[in-house]
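Source file target-v8.pdb; content: PDB, C-alpha atoms.
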```pdb
ATOM      1  CA  MET A   1       0.000   0.000   0.000
ATOM      2  CA  ASP A   2       1.259   3.455  -0.951
ATOM      3  CA  ALA A   3       0.332   5.318   2.265
ATOM      4  CA  CYS A   4      -1.078   8.798   1.814
ATOM      5  CA  PRO A   5       1.417  11.532   2.759
ATOM      6  CA  CYS A   6      -1.311  13.370   4.690
ATOM      7  CA  GLY A   7      -0.973  10.994   7.642
ATOM      8  CA  SER A   8      -4.450   9.468   7.383
ATOM      9  CA  ASN A   9      -3.148   5.861   7.494
ATOM     10  CA  VAL A  10      -5.141   5.207   4.302
ATOM     11  CA  SER A  11      -3.741   4.537   0.844
ATOM     12  CA  TYR A  12      -2.972   7.552  -1.322
ATOM     13  CA  ASP A  13      -5.264   6.169  -4.063
ATOM     14  CA  SER A  14      -8.289   6.193  -1.759
ATOM     15  CA  CYS A  15      -7.412   9.328   0.225
ATOM     16  CA  CYS A  16      -5.897  12.457  -1.365
ATOM     17  CA  ARG A  17      -5.310  11.294  -4.951
ATOM     18  CA  PRO A  18      -9.020  11.542  -5.970
ATOM     19  CA  LEU A  19      -9.090  15.147  -4.717
ATOM     20  CA  ILE A  20      -5.825  16.095  -6.402
ATOM     21  CA  LYS A  21      -6.969  14.523  -9.698
ATOM     22  CA  GLY A  22     -10.344  16.327  -9.534
ATOM     23  CA  GLU A  23     -12.366  13.122  -9.153
ATOM     24  CA  GLN A  24     -13.798  14.187  -5.764
ATOM     25  CA  LYS A  25     -14.249  17.386  -3.771
ATOM     26  CA  ALA A  26     -12.943  17.904  -0.261
ATOM     27  CA  LEU A  27     -15.776  17.585   2.266
ATOM     28  CA  THR A  28     -14.022  19.649   4.951
ATOM     29  CA  ALA A  29     -11.372  22.343   5.269
ATOM     30  CA  GLU A  30      -9.054  19.868   7.008
ATOM     31  CA  GLN A  31      -9.421  17.363   4.180
ATOM     32  CA  LEU A  32      -8.490  20.111   1.705
ATOM     33  CA  MET A  33      -5.490  21.080   3.855
ATOM     34  CA  ARG A  34      -4.280  17.488   3.977
ATOM     35  CA  SER A  35      -4.696  17.119   0.209
ATOM     36  CA  ARG A  36      -2.731  20.314  -0.411
ATOM     37  CA  TYR A  37       0.113  18.945   1.709
ATOM     38  CA  SER A  38      -0.011  15.683  -0.265
ATOM     39  CA  ALA A  39       0.118  17.711  -3.482
ATOM     40  CA  TYR A  40       3.385  19.312  -2.345
ATOM     41  CA  VAL A  41       4.823  15.900  -1.454
ATOM     42  CA  LYS A  42       3.733  14.417  -4.801
ATOM     43  CA  LYS A  43       4.752  17.603  -6.667
ATOM     44  CA  GLU A  44       1.225  18.069  -8.066
ATOM     45  CA  ILE A  45       1.586  21.847  -8.221
ATOM     46  CA  GLU A  46      -1.397  22.357 -10.538
ATOM     47  CA  TYR A  47      -3.622  21.284  -7.625
ATOM     48  CA  ILE A  48      -2.124  23.944  -5.364
ATOM     49  CA  LEU A  49      -3.462  26.597  -7.753
ATOM     50  CA  ALA A  50      -6.753  24.785  -8.400
ATOM     51  CA  SER A  51      -7.466  24.563  -4.646
ATOM     52  CA  LEU A  52      -6.600  28.222  -4.062
ATOM     53  CA  HIS A  53      -9.631  30.500  -3.668
ATOM     54  CA  PRO A  54     -10.220  32.458  -6.906
ATOM     55  CA  ASP A  55     -10.017  35.755  -4.956
ATOM     56  CA  SER A  56      -6.496  34.833  -3.786
ATOM     57  CA  ARG A  57      -4.953  33.712  -7.080
ATOM     58  CA  ALA A  58      -3.507  37.075  -8.168
ATOM     59  CA  ASP A  59      -0.559  36.706  -5.743
ATOM     60  CA  TYR A  60       0.122  33.030  -6.481
ATOM     61  CA  ASP A  61       3.695  32.250  -7.535
ATOM     62  CA  GLU A  62       3.729  28.838  -9.236
ATOM     63  CA  LYS A  63       7.477  28.921  -9.807
ATOM     64  CA  SER A  64       8.337  29.282  -6.096
ATOM     65  CA  SER A  65       5.689  26.717  -5.087
ATOM     66  CA  ARG A  66       7.185  24.221  -7.518
ATOM     67  CA  ALA A  67      10.737  25.003  -6.370
ATOM     68  CA  TRP A  68       9.786  24.443  -2.705
ATOM     69  CA  ALA A  69       7.959  21.192  -3.490
ATOM     70  CA  GLU A  70      10.875  19.848  -5.509
ATOM     71  CA  SER A  71      13.689  20.947  -3.184
ATOM     72  CA  ALA A  72      12.167  19.752   0.098
ATOM     73  CA  LEU A  73      12.202  16.286   1.594
ATOM     74  CA  TRP A  74       8.801  16.082   3.296
ATOM     75  CA  HIS A  75       8.543  14.351   6.695
ATOM     76  CA  GLY A  76       4.902  14.859   7.649
ATOM     77  CA  ILE A  77       2.029  17.095   8.627
ATOM     78  CA  LYS A  78       0.470  17.422  12.052
ATOM     79  CA  ILE A  79      -2.926  19.078  12.394
ATOM     80  CA  LEU A  80      -2.846  21.074  15.635
ATOM     81  CA  LYS A  81      -6.311  22.633  15.644
ATOM     82  CA  THR A  82      -9.376  22.921  13.442
ATOM     83  CA  VAL A  83     -12.040  25.599  13.888
ATOM     84  CA  ALA A  84     -15.276  25.110  11.935
ATOM     85  CA  GLY A  85     -14.616  24.004   8.347
ATOM     86  CA  GLY A  86     -17.031  21.083   8.492
ATOM     87  CA  ALA A  87     -19.247  19.851   5.681
ATOM     88  CA  GLY A  88     -22.033  22.265   6.685
ATOM     89  CA  ASP A  89     -19.778  25.315   7.194
ATOM     90  CA  ASN A  90     -18.749  27.985   4.708
ATOM     91  CA  GLU A  91     -15.521  29.006   6.460
ATOM     92  CA  GLY A  92     -12.926  27.282   8.573
ATOM     93  CA  GLN A  93      -9.408  27.414   9.916
ATOM     94  CA  VAL A  94      -6.763  24.729  10.219
ATOM     95  CA  GLU A  95      -3.594  25.187  12.249
ATOM     96  CA  PHE A  96      -0.862  22.772  11.241
ATOM     97  CA  LEU A  97       2.814  21.994  11.478
ATOM     98  CA  VAL A  98       4.769  20.570   8.542
ATOM     99  CA  SER A  99       8.272  19.172   8.949
ATOM    100  CA  PHE A 100      10.689  18.963   6.043
ATOM    101  CA  THR A 101      14.371  19.060   5.178
ATOM    102  CA  GLU A 102      15.675  21.619   2.723
ATOM    103  CA  LYS A 103      19.336  22.197   1.833
ATOM    104  CA  GLY A 104      20.305  19.708   4.527
ATOM    105  CA  LEU A 105      18.467  21.569   7.299
ATOM    106  CA  LYS A 106      15.497  20.051   9.092
ATOM    107  CA  GLN A 107      12.805  22.706   9.382
ATOM    108  CA  GLU A 108       9.219  23.208  10.457
ATOM    109  CA  HIS A 109       6.504  25.367   8.948
ATOM    110  CA  HIS A 110       3.750  26.335  11.420
ATOM    111  CA  GLU A 111       0.726  27.992   9.829
ATOM    112  CA  LEU A 112      -2.852  29.011  10.531
ATOM    113  CA  SER A 113      -4.757  28.613   7.268
ATOM    114  CA  SER A 114      -8.176  30.002   6.408
ATOM    115  CA  PHE A 115     -10.560  28.223   4.064
ATOM    116  CA  ARG A 116     -13.766  29.364   2.357
ATOM    117  CA  LYS A 117     -16.381  27.646   0.291
ATOM    118  CA  LYS A 118     -17.451  29.023  -3.049
ATOM    119  CA  ASP A 119     -20.302  27.363  -4.922
ATOM    120  CA  GLY A 120     -20.094  24.365  -2.590
ATOM    121  CA  THR A 121     -16.342  23.828  -3.065
ATOM    122  CA  TRP A 122     -13.735  24.308  -0.348
ATOM    123  CA  TYR A 123     -10.764  26.544  -1.200
ATOM    124  CA  PHE A 124      -7.637  27.662   0.622
ATOM    125  CA  ALA A 125      -8.066  31.427   1.153
ATOM    126  CA  ALA A 126      -5.040  32.603   3.154
ATOM    127  CA  GLY A 127      -2.282  31.440   5.437
ATOM    128  CA  LYS A 128      -0.553  33.114   8.344
ATOM    129  CA  THR A 129       2.846  31.819   9.434
ATOM    130  CA  MET A 130       2.863  31.402  13.188
ATOM    131  CA  PRO A 131       5.849  32.808  15.082
ATOM    132  CA  LYS A 132       8.285  30.451  16.723
ATOM    133  CA  PRO A 133       8.314  30.677  20.501
ATOM    134  CA  VAL A 134      11.242  32.632  21.908
ATOM    135  CA  SER A 135      13.427  30.783  24.373
ATOM    136  CA  ARG A 136      16.043  32.581  26.423
ATOM    137  CA  ALA A 137      19.433  31.099  27.191
ATOM    138  CA  ALA A 138      19.773  33.299  30.283
ATOM    139  CA  PRO A 139      17.097  34.509  32.690
ATOM    140  CA  LYS A 140      15.348  37.765  31.836
ATOM    141  CA  THR A 141      16.855  40.884  33.391
ATOM    142  CA  GLY A 142      14.414  42.495  35.820
ATOM    143  CA  ARG A 143      13.742  46.240  35.828
ATOM    144  CA  ASN A 144      15.511  46.735  39.173
ATOM    145  CA  ASP A 145      18.410  44.354  38.498
ATOM    146  CA  PRO A 146      21.890  45.713  37.815
ATOM    147  CA  CYS A 147      22.298  46.420  34.090
ATOM    148  CA  PRO A 148      24.141  43.617  32.247
ATOM    149  CA  CYS A 149      26.347  46.216  30.519
ATOM    150  CA  ASN A 150      28.128  46.708  33.908
ATOM    151  CA  SER A 151      27.401  50.454  34.063
ATOM    152  CA  GLY A 152      26.516  50.166  37.747
ATOM    153  CA  LYS A 153      22.995  51.501  37.063
ATOM    154  CA  LYS A 154      19.709  49.682  37.380
ATOM    155  CA  TYR A 155      18.560  48.081  34.122
ATOM    156  CA  LYS A 156      15.471  50.357  33.930
ATOM    157  CA  LYS A 157      17.680  53.473  34.074
ATOM    158  CA  CYS A 158      20.236  52.193  31.559
ATOM    159  CA  CYS A 159      19.761  49.734  28.682
ATOM    160  CA  GLY A 160      16.154  48.941  29.621
ATOM    161  CA  GLN A 161      14.812  52.350  28.627
TER     162      GLN A 161
END
```
Kindly return the structure encoded in the file as structure tokens.
Amino acid sequence: MDACPCGSNVSYDSCCRPLIKGEQKALTAEQLMRSRYSAYVKKEIEYILASLHPDSRADYDEKSSRAWAESALWHGIKILKTVAGGAGDNEGQVEFLVSFTEKGLKQEHHELSSFRKKDGTWYFAAGKTMPKPVSRAAPKTGRNDPCPCNSGKKYKKCCGQ
């Protein structure tokens, strides 16, 4: 069995392939999101444009989408959260995390995607890259702590202004 890249534990032929080939429509926003990920893995770039909402197509860059799909080694998608986007909804959001390797570096892409239906068909409308959490190597300097620049002043009266 050729497992579907979307992580459904179903074969590609009975999962995302029928959507990518236009034989079926996505029933939910999450199903469309998973099929778009599979399209990147399978380098089916035409589907990326076809599943993009018509109002959002003016900014689409096929060349960079194709380059990313072809240069990345895809490791998987994890759906973190879905808001609405069911069969009876007209809008929905899917937050996901994709892991991949590009130019020898393992990376993650964390995004909150918005989906809208038009004429009964789900489309990807927009995506917002989520910021990576900041982690500090050293504890945060408090306002009344001595300034780390060694001026002898309190942080709030020196570099913390």
Exercise. List the neighbours of segment 26-36 of chain A out to 7 Å using only C-alpha atoms; skip same-chain residues closer than 5 positions along the sequence, and give me the result as a list in words.
Key: Cys6, Cys16, Leu19, Ile20, Ile48, Gly85, Gly86, Ala87, Gly92, Val94, Phe115 and Trp122 of chain A
Practice problem: May I have the protein, DNA and RNA residues with any atom at most 6 Å from the point (-3.9, 18.0, 9.7), counting all atoms listed in the file, written as a PyMOL selection string? | Solution: chain A and resi 34+78-79+96
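The two atoms in question, atom CA of Glu102 of chain A and atom CA of Ser71 of chain A, are spaced 6.3 Å apart.
Taking atom CA of Glu111 of chain A and atom CA of Leu73 of chain A as endpoints, the distance between them is 18.3 Å.
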Exercise. List the neighbours of Tyr155 of chain A out to 12 Å using only C-alpha atoms; skip same-chain residues closer than 5 positions along the sequence, and give me the result as a ChimeraX atom specification.
Key: /A:140-150,160-161
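Of the residues under consideration (A:Glu95, A:Leu80, A:Lys118, A:Ala125), A:Ala125 shows the shortest atom-to-atom contact distance to Leu49 of chain A when counting all atoms listed in the file.
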Practice problem: Spell out the residues picked by the PyMOL selection byres ((chain A and resi 54) around 12) here, as a VMD selection string. | Solution: chain A and resid 48 to 53 55 to 60 115 to 119 121 to 126
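Straight-line separation from atom CA of Ser99 of chain A to atom CA of Met1 of chain A: 22.7 Å.
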Once you add 5 Å to each side, what are the centre and edge lengths of the axis-aligned box holding all listed atoms of segment 76-84 of chain A? One decimal in Å, as AutoDock Vina command-line options, if you can.
```
--center_x -5.2 --center_y 20.2 --center_z 11.6 --size_x 30.2 --size_y 20.7 --size_z 18.0
```
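Considering the residues A:Ala72, A:Ala3, A:Val10, A:Ala39 and counting all atoms listed in the file, Lys106 of chain A has its shortest atom-to-atom contact with A:Ala72.
Using all atoms listed in the file, the smallest distance between any of A:Trp68, A:Lys81, A:Met130, A:Ser113 and Thr101 of chain A comes from A:Trp68.
Using all atoms listed in the file for every distance, the candidate list A:Gln93, A:Gln107, A:Pro18, A:Asp61 yields A:Gln93 as the residue closest to Gly127 of chain A.
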